[in-house]
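Just input-v9.txt here, compact mmCIF, C-alpha atoms:
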```txt
# COMPACT_ATOMS: atom_id res chain seq x y z
CA SER X 1 -14.91 -8.29 -2.19
CA SER X 2 -12.62 -6.69 0.36
CA VAL X 3 -13.91 -5.54 3.71
CA GLY X 4 -12.51 -2.75 5.87
CA TYR X 5 -12.53 -2.68 9.68
CA TRP X 6 -11.87 0.06 12.17
CA VAL X 7 -12.56 0.82 15.82
CA GLN X 8 -14.00 4.02 17.24
CA LEU X 9 -12.82 5.47 20.52
CA ALA X 10 -15.84 7.29 21.95
CA ASN X 11 -18.35 4.49 22.29
CA GLY X 12 -16.41 1.23 21.88
CA LEU X 13 -17.63 0.06 18.49
CA MET X 14 -16.18 -2.06 15.68
CA THR X 15 -17.66 -1.14 12.31
CA MET X 16 -17.33 -3.37 9.27
CA VAL X 17 -17.67 -1.85 5.80
CA ASP X 18 -17.96 -3.59 2.45
CA PHE X 19 -15.20 -2.50 0.10
CA SER X 20 -17.22 -2.66 -3.11
CA GLY X 21 -20.00 -0.31 -2.07
CA ASP X 22 -18.59 1.43 1.01
CA THR X 23 -21.64 0.41 2.97
CA VAL X 24 -21.76 -0.50 6.66
CA LEU X 25 -22.32 -4.24 7.13
CA VAL X 26 -21.91 -4.69 10.88
CA THR X 27 -21.55 -2.51 13.97
CA ALA X 28 -20.70 -4.45 17.12
CA THR X 29 -19.84 -3.31 20.64
CA VAL X 30 -16.32 -4.10 21.82
CA GLY X 31 -14.56 -3.03 25.05
CA VAL X 32 -14.46 0.27 26.88
CA ASN X 33 -12.63 2.96 24.89
CA PRO X 34 -10.74 0.66 22.50
CA TYR X 35 -7.41 2.05 21.33
CA TYR X 36 -5.80 -0.76 19.30
CA LEU X 37 -7.14 -3.15 16.64
CA ALA X 38 -5.44 -6.14 15.01
CA LEU X 39 -6.57 -8.93 12.69
CA SER X 40 -5.12 -12.42 12.41
CA PRO X 41 -3.13 -13.09 9.19
CA PRO X 42 -5.99 -15.03 7.55
CA GLY X 43 -8.36 -12.22 8.50
CA THR X 44 -10.63 -14.57 10.42
CA THR X 45 -10.22 -13.17 13.95
CA GLY X 46 -10.13 -9.65 15.32
CA TYR X 47 -8.78 -8.30 18.61
CA THR X 48 -9.02 -4.96 20.40
CA LEU X 49 -7.13 -3.57 23.37
CA ASN X 50 -9.37 -1.52 25.62
CA SER X 51 -8.84 1.21 28.20
CA ASP X 52 -10.32 -0.91 31.00
CA LYS X 53 -7.34 -3.31 30.61
CA THR X 54 -9.35 -5.94 28.75
CA VAL X 55 -8.94 -7.68 25.39
CA THR X 56 -11.90 -8.39 23.14
CA SER X 57 -11.77 -11.08 20.47
CA PHE X 58 -14.27 -11.95 17.77
CA ASP X 59 -14.73 -13.92 14.57
CA ILE X 60 -14.74 -11.79 11.44
CA SER X 61 -18.21 -12.32 10.05
CA THR X 62 -20.79 -10.20 8.29
CA GLN X 63 -23.28 -11.76 10.74
CA LEU X 64 -21.34 -10.66 13.85
CA ILE X 65 -23.45 -9.31 16.71
CA SER X 66 -22.33 -7.69 19.95
CA SER X 67 -23.11 -10.75 22.08
CA GLN X 68 -20.57 -12.76 20.09
CA VAL X 69 -17.71 -10.41 20.98
CA LEU X 70 -15.71 -12.12 23.74
CA GLU X 71 -13.89 -10.30 26.53
CA SER X 72 -10.78 -11.34 28.45
CA THR X 73 -9.30 -9.67 31.53
CA LEU X 74 -5.54 -9.24 31.77
CA PRO X 75 -3.47 -9.58 34.98
CA THR X 76 -3.49 -6.91 37.69
CA GLY X 77 -1.16 -4.02 36.91
CA THR X 78 -1.20 -4.68 33.19
CA ASN X 79 -0.66 -1.92 30.62
CA PRO X 80 -1.11 -3.37 27.11
CA VAL X 81 0.51 -1.16 24.48
CA SER X 82 0.04 -3.10 21.23
CA LEU X 83 -1.06 -6.50 19.96
CA MET X 84 0.17 -8.78 17.18
CA ALA X 85 -2.33 -11.40 16.02
CA THR X 86 -1.07 -14.75 14.74
CA ASN X 87 -2.67 -17.83 13.21
CA THR X 88 -3.16 -19.35 16.67
CA GLY X 89 -3.56 -16.42 19.05
CA ALA X 90 -1.90 -13.14 19.90
CA TYR X 91 1.11 -11.52 21.54
CA ILE X 92 0.53 -8.42 23.67
CA SER X 93 3.29 -5.92 24.48
CA ASP X 94 2.50 -5.40 28.16
CA ALA X 95 4.32 -2.48 29.78
CA GLY X 96 2.49 -2.74 33.10
CA VAL X 97 4.33 -2.07 36.37
CA GLY X 98 5.20 -5.44 37.84
CA VAL X 99 4.36 -7.14 34.54
CA ASN X 100 6.78 -5.77 31.88
CA ALA X 101 6.40 -8.81 29.68
CA ILE X 102 5.10 -10.17 26.41
CA ASP X 103 1.73 -11.78 27.08
CA GLN X 104 1.13 -14.78 24.85
CA MET X 105 -2.61 -15.36 24.33
CA SER X 106 -4.41 -18.30 22.75
CA GLY X 107 -7.97 -19.43 22.03
CA LEU X 108 -11.29 -17.58 21.89
CA PRO X 109 -11.87 -15.85 24.17
CA ALA X 110 -8.20 -14.95 24.27
CA ALA X 111 -6.64 -16.50 27.39
CA LEU X 112 -3.21 -15.82 28.86
CA LYS X 113 -0.97 -18.80 28.13
CA GLN X 114 2.34 -17.47 29.39
CA GLU X 115 4.39 -14.32 29.95
CA LEU X 116 7.81 -13.80 28.40
CA PRO X 117 9.71 -11.36 30.67
CA VAL X 118 11.41 -8.18 29.48
CA ALA X 119 14.56 -7.11 31.32
CA SER X 120 14.48 -4.22 33.78
CA GLY X 121 15.43 -0.95 32.12
CA TYR X 122 13.50 -1.80 28.94
CA VAL X 123 9.82 -1.77 28.11
CA PRO X 124 7.88 -3.84 25.53
CA LEU X 125 6.41 -1.67 22.78
CA TYR X 126 5.75 -3.44 19.48
CA MET X 127 6.03 -6.90 17.90
CA VAL X 128 7.57 -7.32 14.43
CA GLY X 129 6.79 -10.39 12.33
CA SER X 130 5.13 -11.79 9.24
CA SER X 131 2.58 -14.54 8.63
CA GLY X 132 4.16 -17.94 9.15
CA ALA X 133 7.51 -16.55 10.36
CA PRO X 134 9.29 -19.04 12.63
CA ARG X 135 10.84 -16.16 14.58
CA ILE X 136 9.43 -12.75 15.50
CA TYR X 137 10.89 -9.77 17.37
CA GLU X 138 9.67 -7.63 20.26
CA ILE X 139 10.88 -4.01 20.22
CA THR X 140 11.94 -2.85 23.69
CA PRO X 141 13.13 0.77 24.03
CA ALA X 142 15.20 1.70 27.06
CA THR X 143 13.56 3.55 29.94
CA THR X 144 16.64 5.80 30.30
CA ASN X 145 17.09 8.58 27.75
CA GLY X 146 20.10 8.16 25.50
CA VAL X 147 20.33 4.40 25.97
CA ALA X 148 19.97 2.13 22.93
CA GLY X 149 16.98 -0.19 22.69
CA GLN X 150 16.82 -3.92 22.13
CA ALA X 151 14.93 -6.45 20.03
CA LEU X 152 13.98 -9.76 21.64
CA ALA X 153 13.86 -12.77 19.31
CA ILE X 154 10.91 -15.06 20.05
CA GLU X 155 10.81 -18.59 18.67
CA VAL X 156 7.16 -19.07 17.72
CA ALA X 157 7.06 -22.88 18.02
CA ALA X 158 8.71 -22.99 21.45
CA ASN X 159 7.47 -19.60 22.74
CA THR X 160 10.91 -18.82 24.12
CA ILE X 161 13.26 -15.84 23.80
CA SER X 162 16.32 -17.01 21.87
CA ALA X 163 18.35 -13.81 21.55
CA THR X 164 18.58 -10.18 22.64
CA LEU X 165 19.83 -7.90 19.86
CA PRO X 166 20.93 -4.25 20.22
CA VAL X 167 19.16 -1.69 18.06
CA GLY X 168 19.19 2.12 18.07
CA ARG X 169 17.82 4.71 20.45
CA GLY X 170 14.08 5.18 20.62
CA PRO X 171 12.91 2.16 18.57
CA VAL X 172 9.20 2.59 17.81
CA TYR X 173 8.13 0.40 14.89
CA GLY X 174 9.29 -2.37 12.61
CA VAL X 175 8.46 -4.50 9.58
CA MET X 176 9.49 -7.95 8.40
CA THR X 177 9.82 -9.09 4.80
CA LEU X 178 7.26 -11.56 3.48
CA ASP X 179 9.92 -14.27 3.24
CA SER X 180 10.80 -13.70 6.94
CA ARG X 181 14.49 -13.19 6.09
CA ARG X 182 14.96 -9.59 7.25
CA ALA X 183 13.40 -7.44 9.97
CA PHE X 184 13.75 -3.66 10.03
CA ILE X 185 13.49 -1.67 13.30
CA LEU X 186 12.87 2.09 13.12
CA ASN X 187 14.87 4.08 15.67
CA GLN X 188 13.07 7.40 16.10
CA THR X 189 15.71 9.10 18.25
CA ASP X 190 18.68 8.13 16.07
CA GLY X 191 16.99 8.62 12.70
CA THR X 192 18.09 5.16 11.61
CA VAL X 193 16.78 1.70 10.77
CA SER X 194 18.39 -1.35 12.39
CA VAL X 195 18.53 -4.43 10.14
CA ILE X 196 18.16 -7.95 11.55
CA ASN X 197 18.99 -11.07 9.57
CA ALA X 198 16.11 -13.15 10.91
CA GLN X 199 17.49 -16.37 9.44
CA ASN X 200 20.77 -15.99 11.34
CA ASN X 201 19.01 -14.35 14.32
CA ALA X 202 21.65 -11.62 14.43
CA LEU X 203 22.23 -8.08 13.24
CA ASP X 204 22.69 -8.11 9.49
CA THR X 205 26.13 -7.87 7.89
CA PRO X 206 27.58 -5.87 6.39
CA VAL X 207 24.63 -3.43 6.69
CA SER X 208 23.24 -3.39 10.22
CA THR X 209 22.16 0.27 10.30
CA ILE X 210 20.56 2.45 7.61
CA PRO X 211 20.46 6.25 8.13
CA VAL X 212 17.10 7.71 7.04
CA GLY X 213 15.37 11.01 7.89
CA THR X 214 14.55 12.81 11.13
CA ALA X 215 12.37 10.79 13.51
CA PRO X 216 11.32 7.72 11.47
CA VAL X 217 8.01 6.43 12.86
CA TRP X 218 6.43 4.06 10.33
CA ALA X 219 7.36 1.94 7.31
CA ASP X 220 5.78 -0.28 4.70
CA LEU X 221 7.31 -2.62 2.13
CA ALA X 222 7.08 -2.44 -1.65
CA SER X 223 8.04 -6.08 -1.97
CA ALA X 224 8.00 -6.39 -5.75
CA LEU X 225 10.33 -3.37 -5.98
CA ASN X 226 12.63 -4.64 -3.22
CA GLU X 227 12.08 -1.34 -1.45
CA MET X 228 11.04 -0.11 1.96
CA VAL X 229 9.19 3.20 2.35
CA VAL X 230 9.91 4.94 5.67
CA ALA X 231 7.85 7.85 7.01
CA ASN X 232 10.05 10.40 8.81
CA GLU X 233 8.05 12.57 11.19
CA GLY X 234 10.52 15.45 11.25
CA ASN X 235 10.12 18.13 13.91
CA GLY X 236 6.32 18.16 13.81
CA THR X 237 6.01 21.73 12.54
CA SER X 238 7.92 21.61 9.22
CA PRO X 239 7.29 19.17 6.37
CA GLY X 240 8.49 15.63 7.00
CA SER X 241 9.67 13.15 4.41
CA VAL X 242 9.69 9.57 3.25
CA SER X 243 12.90 7.64 2.64
CA ILE X 244 12.75 5.01 -0.09
CA VAL X 245 15.32 2.34 0.73
CA ASP X 246 16.73 -0.49 -1.41
CA ILE X 247 16.37 -3.79 0.49
CA SER X 248 17.24 -6.22 -2.30
CA LEU X 249 19.09 -9.46 -1.57
CA CYS X 250 21.31 -11.35 -3.99
CA SER X 251 19.15 -13.16 -6.53
CA PRO X 252 19.35 -16.57 -8.24
CA SER X 253 20.56 -14.82 -11.40
CA SER X 254 23.61 -13.58 -9.52
CA LEU X 255 24.69 -17.06 -8.39
CA PRO X 256 27.06 -17.72 -11.33
CA THR X 257 28.95 -14.47 -10.70
CA ASN X 258 28.60 -14.32 -6.92
CA PRO X 259 29.70 -17.56 -5.26
CA ASN X 260 28.82 -16.11 -1.83
CA CYS X 261 25.12 -15.91 -2.73
CA ASP X 262 23.40 -18.75 -0.90
CA PRO X 263 19.89 -19.27 -2.35
CA THR X 264 18.63 -20.65 0.99
CA ASN X 265 20.13 -17.81 3.06
CA PRO X 266 20.92 -14.98 0.64
CA ILE X 267 23.27 -12.17 1.51
CA ASP X 268 22.56 -8.49 0.92
CA SER X 269 22.91 -7.19 -2.60
CA THR X 270 25.56 -4.53 -3.26
CA THR X 271 22.82 -1.85 -3.25
CA PHE X 272 21.13 -3.06 -0.04
CA GLY X 273 20.50 -0.23 2.41
CA HIS X 274 20.97 2.58 -0.12
CA VAL X 275 18.41 5.39 0.19
CA VAL X 276 17.09 5.61 -3.37
CA ALA X 277 15.18 8.84 -2.76
CA THR X 278 14.11 11.22 0.01
CA VAL X 279 10.72 12.71 -0.83
CA PRO X 280 9.29 15.73 1.09
CA VAL X 281 5.67 15.24 2.18
CA GLY X 282 3.33 17.04 4.61
CA ILE X 283 3.72 18.13 8.21
CA ASN X 284 3.99 15.36 10.79
CA PRO X 285 3.70 12.25 8.59
CA ILE X 286 2.68 9.47 10.95
CA MET X 287 1.95 6.50 8.66
CA VAL X 288 2.61 5.23 5.17
CA SER X 289 0.78 2.49 3.28
CA VAL X 290 1.98 1.05 -0.04
CA LEU X 291 -0.64 0.14 -2.62
CA SER X 292 -0.62 -3.61 -3.28
CA ASP X 293 0.35 -3.10 -6.94
CA PHE X 294 3.41 -1.17 -5.63
CA THR X 295 2.82 1.83 -7.88
CA ARG X 296 2.26 4.35 -5.08
CA ALA X 297 2.61 4.98 -1.37
CA TYR X 298 0.03 6.97 0.57
CA VAL X 299 1.33 9.04 3.47
CA ALA X 300 -0.96 10.28 6.27
CA ASN X 301 0.19 13.76 7.38
CA ALA X 302 -1.35 14.57 10.76
CA GLY X 303 -0.35 18.24 10.78
CA GLN X 304 0.27 20.18 13.98
CA ALA X 305 -1.75 18.65 16.81
CA ASN X 306 -2.46 21.97 18.53
CA LEU X 307 -4.04 23.60 15.49
CA PRO X 308 -7.31 22.83 13.65
CA CYS X 309 -7.11 21.38 10.15
CA ALA X 310 -7.49 23.85 7.29
CA ALA X 311 -10.74 23.18 5.46
CA ASN X 312 -9.13 23.23 2.01
CA GLY X 313 -5.73 21.88 3.05
CA VAL X 314 -4.13 25.35 2.80
CA ALA X 315 -3.00 26.36 6.26
CA VAL X 316 -2.69 29.85 7.76
CA ALA X 317 0.39 30.09 9.96
CA GLY X 318 -0.49 29.97 13.64
CA VAL X 319 -4.21 29.59 12.86
CA SER X 320 -4.61 26.26 11.10
CA THR X 321 -2.57 23.32 9.85
CA SER X 322 -2.57 21.13 6.76
CA CYS X 323 -4.03 17.67 7.39
CA THR X 324 -3.44 15.72 4.21
CA VAL X 325 -2.54 12.51 2.43
CA SER X 326 0.51 12.68 0.16
CA VAL X 327 0.57 10.36 -2.86
CA VAL X 328 4.12 9.23 -3.66
CA ASN X 329 4.71 7.68 -7.09
CA LEU X 330 7.17 4.81 -6.57
CA THR X 331 8.44 4.97 -10.15
CA SER X 332 9.34 8.65 -10.26
CA ASN X 333 9.75 8.94 -6.45
CA THR X 334 7.81 12.20 -6.44
CA VAL X 335 4.59 13.45 -4.83
CA THR X 336 1.91 13.41 -7.51
CA ALA X 337 -1.06 14.53 -5.39
CA THR X 338 -1.83 16.06 -2.00
CA ILE X 339 -5.32 15.31 -0.70
CA PRO X 340 -6.88 17.40 2.13
CA ILE X 341 -8.45 15.40 4.97
CA ASN X 342 -11.17 16.62 7.33
CA GLY X 343 -9.36 15.92 10.59
CA HIS X 344 -5.96 14.93 11.98
CA PRO X 345 -5.26 11.46 10.50
CA VAL X 346 -4.31 8.66 12.90
CA TYR X 347 -4.46 5.62 10.61
CA ILE X 348 -4.40 4.82 6.91
CA ALA X 349 -4.92 1.58 4.97
CA THR X 350 -4.89 0.78 1.27
CA SER X 351 -6.49 -1.90 -0.85
CA ALA X 352 -6.18 -2.63 -4.56
CA ALA X 353 -9.01 -4.01 -6.65
CA SER X 354 -10.41 -3.85 -10.17
CA PRO X 355 -11.10 -1.36 -11.64
CA THR X 356 -9.65 0.80 -8.85
CA GLY X 357 -8.20 0.54 -5.39
CA LYS X 358 -9.16 2.57 -2.36
CA VAL X 359 -7.48 4.29 0.56
CA TYR X 360 -9.19 4.56 3.95
CA VAL X 361 -8.29 7.23 6.51
CA VAL X 362 -9.63 7.80 10.03
CA CYS X 363 -8.95 10.79 12.28
CA ASN X 364 -8.94 11.32 16.03
CA ASP X 365 -11.09 14.43 15.77
CA SER X 366 -13.50 13.54 12.96
CA GLN X 367 -16.43 11.13 13.09
CA VAL X 368 -16.15 10.07 9.47
CA MET X 369 -13.91 7.74 7.53
CA THR X 370 -12.51 9.27 4.35
CA VAL X 371 -12.39 7.07 1.24
CA ILE X 372 -9.92 7.94 -1.54
CA LYS X 373 -10.15 6.31 -4.99
CA THR X 374 -6.77 5.48 -6.45
CA ASP X 375 -7.74 6.00 -10.10
CA THR X 376 -8.19 9.73 -9.49
CA ASP X 377 -6.37 10.11 -6.15
CA SER X 378 -9.24 12.17 -4.82
CA VAL X 379 -11.84 11.75 -2.07
CA SER X 380 -14.75 9.71 -3.37
CA THR X 381 -16.88 9.63 -0.22
CA THR X 382 -16.92 9.85 3.54
CA ILE X 383 -18.61 7.28 5.75
CA PRO X 384 -20.23 8.49 9.01
CA LEU X 385 -18.92 6.82 12.17
CA GLN X 386 -20.44 6.66 15.61
CA GLY X 387 -17.31 8.02 17.24
CA TYR X 388 -13.74 9.02 16.51
CA GLY X 389 -11.52 6.72 14.48
CA VAL X 390 -8.70 4.70 16.03
CA SER X 391 -7.58 2.19 13.41
CA VAL X 392 -8.34 0.80 9.95
CA ARG X 393 -7.55 -2.79 8.94
CA MET X 394 -8.20 -4.56 5.65
CA THR X 395 -8.93 -8.21 4.89
CA GLN X 396 -9.89 -10.15 1.78
```

Turn the structure described in the file into structure tokens.
Amino acid sequence: SSVGYWVQLANGLMTMVDFSGDTVLVTATVGVNPYYLALSPPGTTGYTLNSDKTVTSFDISTQLISSQVLESTLPTGTNPVSLMATNTGAYISDAGVGVNAIDQMSGLPAALKQELPVASGYVPLYMVGSSGAPRIYEITPATTNGVAGQALAIEVAANTISATLPVGRGPVYGVMTLDSRRAFILNQTDGTVSVINAQNNALDTPVSTIPVGTAPVWADLASALNEMVVANEGNGTSPGSVSIVDISLCSPSSLPTNPNCDPTNPIDSTTFGHVVATVPVGINPIMVSVLSDFTRAYVANAGQANLPCAANGVAVAGVSTSCTVSVVNLTSNTVTATIPINGHPVYIATSAASPTGKVYVVCNDSQVMTVIKTDTDSVSTTIPLQGYGVSVRMTQ
């Protein structure tokens, strides 16, 4: 069965829940005030970044106890922002003064192997890659307003930076296709997505930039549909949107009619980069997660941060805000359900299974995890937590 993981901010705990029965299997102590959680691609190792500038690492096991959680201390002046786990270790985006580098970690406990420097005027924020990718990208926004960001190409085998590619202003997040051929960088300030041809290690041609909605902040891939679903935050007080984007490449069937289609390094299809649909969702959408059967996308709408969540999802202007999950049907490209959540969502994860999949949501002001069943698209249960939620990760 599947197992869900999340970390709680108040008391530094990692809680493991069995997917099939939504029961708590393990609760283990991690670092002080953890704020970031990542799992290795095989789902065998977990990592947290903690507010005391430490990294905890642990084996994913239903027998895990607190004494088996290992702690590593990072260099003086460090400021870890995010972490990407790999098959052999982890990369940390370290924005610390005097550090400003990508920390490459290996082993258990995670130990600093080397630092890959980031140029002055830019700051490491987020690593974009996929399991087994030979090349991954570090997003580095500029420290000066109005200046475009960059993406640093890191060769995984050599642990070296091979290229510095320009992206848009305010890059905040990115995704890479499962075949490692394209990487997409979301530029929040510009309202665009920069496209990198990861095989050529260069901006894609002819489509290097895709206009989407206002303030894109998160994306997920519907691989079987050759689509990317982008969550656009909007202005934070009016409803945001999701942009559904065609990311198809030329296919083997097009080879006879398209002599430029190289099966080992395919070019973009003629529809690549087209926004198929723009779908209005809730206020302040912060994350989107595509169901693994690619039928639907679930969008976490955090609502207005300065207002409490309406109990029934129906807000009163100036008094409360709607904190919800929007269900977007990826066939009709419409919202088919809006599910009220008890708290401002900060993270959402989906998992498909038979007879039904589930959606897990945690909030920064609610000590429960909300479980949504995908057969009815309604809340099936809530699981008490011993603190406020930070992140939800799934593994098989």

Nearest candidate to Asn301 (chain X) (options X:Phe19, X:Tyr35, X:Tyr126, X:Trp218; using only C-alpha atoms)
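Looking only at the distances to Asn301 (chain X), the closest residue turns out to be X:Trp218.
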
So that each row is one residue of region 75-190 of chain X with an atom at most 10 Å from region 232-251 of chain X, can you give its shortest atom pair and the distance in Å to one decimal, using all atoms listed in the file, rows by chain and rising number, as a Markdown table?
```
| residue | atom | partner | partner_atom | distance |
| --- | --- | --- | --- | --- |
| X:Thr177 | CA | X:Ile247 | CA | 9.5 |
| X:Arg181 | CA | X:Leu249 | CA | 9.7 |
| X:Arg182 | CA | X:Ile247 | CA | 9.0 |
| X:Phe184 | CA | X:Ile247 | CA | 9.9 |
| X:Leu186 | CA | X:Asn232 | CA | 9.8 |
| X:Gln188 | CA | X:Asn232 | CA | 8.4 |
```

Out of X:Asn145, X:Thr27, X:Ser326, X:Asn200, which residue has the shortest atom-to-atom distance to Gln63 (chain X) when counting only C-alpha atoms?
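Of X:Asn145, X:Thr27, X:Ser326, X:Asn200, the one nearest Gln63 (chain X) is X:Thr27, counting only C-alpha atoms.
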
Do a neighbour search on Ala297 (chain X) at 8 Å with only C-alpha atoms, toss out local chain neighbours closer than 6 positions, and write the hits as a list in words.
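Listed by chain and then number, they are Val229, Val288, Ser289, Val290, Leu291, Val327, Val328, Asn329 and Leu330 of chain X.
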
Can you write just those residues out, C-alpha atoms, as an mmCIF file, keeping the file's coordinate frame?
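Output saved as selection.cif:
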```cif
data_model
loop_
_atom_site.group_PDB
_atom_site.id
_atom_site.type_symbol
_atom_site.label_atom_id
_atom_site.label_comp_id
_atom_site.auth_asym_id
_atom_site.auth_seq_id
_atom_site.Cartn_x
_atom_site.Cartn_y
_atom_site.Cartn_z
ATOM 1 C CA VAL X 229 9.190 3.200 2.350
ATOM 2 C CA VAL X 288 2.610 5.230 5.170
ATOM 3 C CA SER X 289 0.780 2.490 3.280
ATOM 4 C CA VAL X 290 1.980 1.050 -0.040
ATOM 5 C CA LEU X 291 -0.640 0.140 -2.620
ATOM 6 C CA VAL X 327 0.570 10.360 -2.860
ATOM 7 C CA VAL X 328 4.120 9.230 -3.660
ATOM 8 C CA ASN X 329 4.710 7.680 -7.090
ATOM 9 C CA LEU X 330 7.170 4.810 -6.570
#
```

Pick out the residues sitting within 8 Å of Thr370 (chain X), and hand them over as a PyMOL selection string; count all atoms listed in the file, and ignore anything fewer than 6 positions along from it in its own chain.
chain X and resi 341+360-362+379+381-383

Separation of CA of Leu116 (chain X) from CA of Val167 (chain X), in Å and rounded to one decimal
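Straight-line distance from CA of Leu116 (chain X) to CA of Val167 (chain X) works out to 19.6 Å.
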
Within 9 Å of Pro42 (chain X) using only C-alpha atoms, minus same-chain residues under 2 positions, as a ChimeraX atom specification
/X:39-40,44-45,86-87,131,395-396

Just to confirm, what's the straight-line distance from CA of Val99 (chain X) to CA of Val30 (chain X) in Å (one decimal)?
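About the pair CA of Val99 (chain X) and CA of Val30 (chain X): they are 24.5 Å apart.
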
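With CA of Thr73 (chain X) on one side and CA of Pro117 (chain X) on the other, the separation reads 19.1 Å.
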
Rank nothing, just name the residue among X:Leu385, X:Val392, X:Ala215, X:Leu37 nearest to Pro345 (chain X), using only C-alpha atoms.
X:Val392

Pick the closest to Gly43 (chain X) from X:Thr56, X:Ala300, X:Ser61, X:Ser106: which is it, counting all atoms listed in the file?
X:Ser61
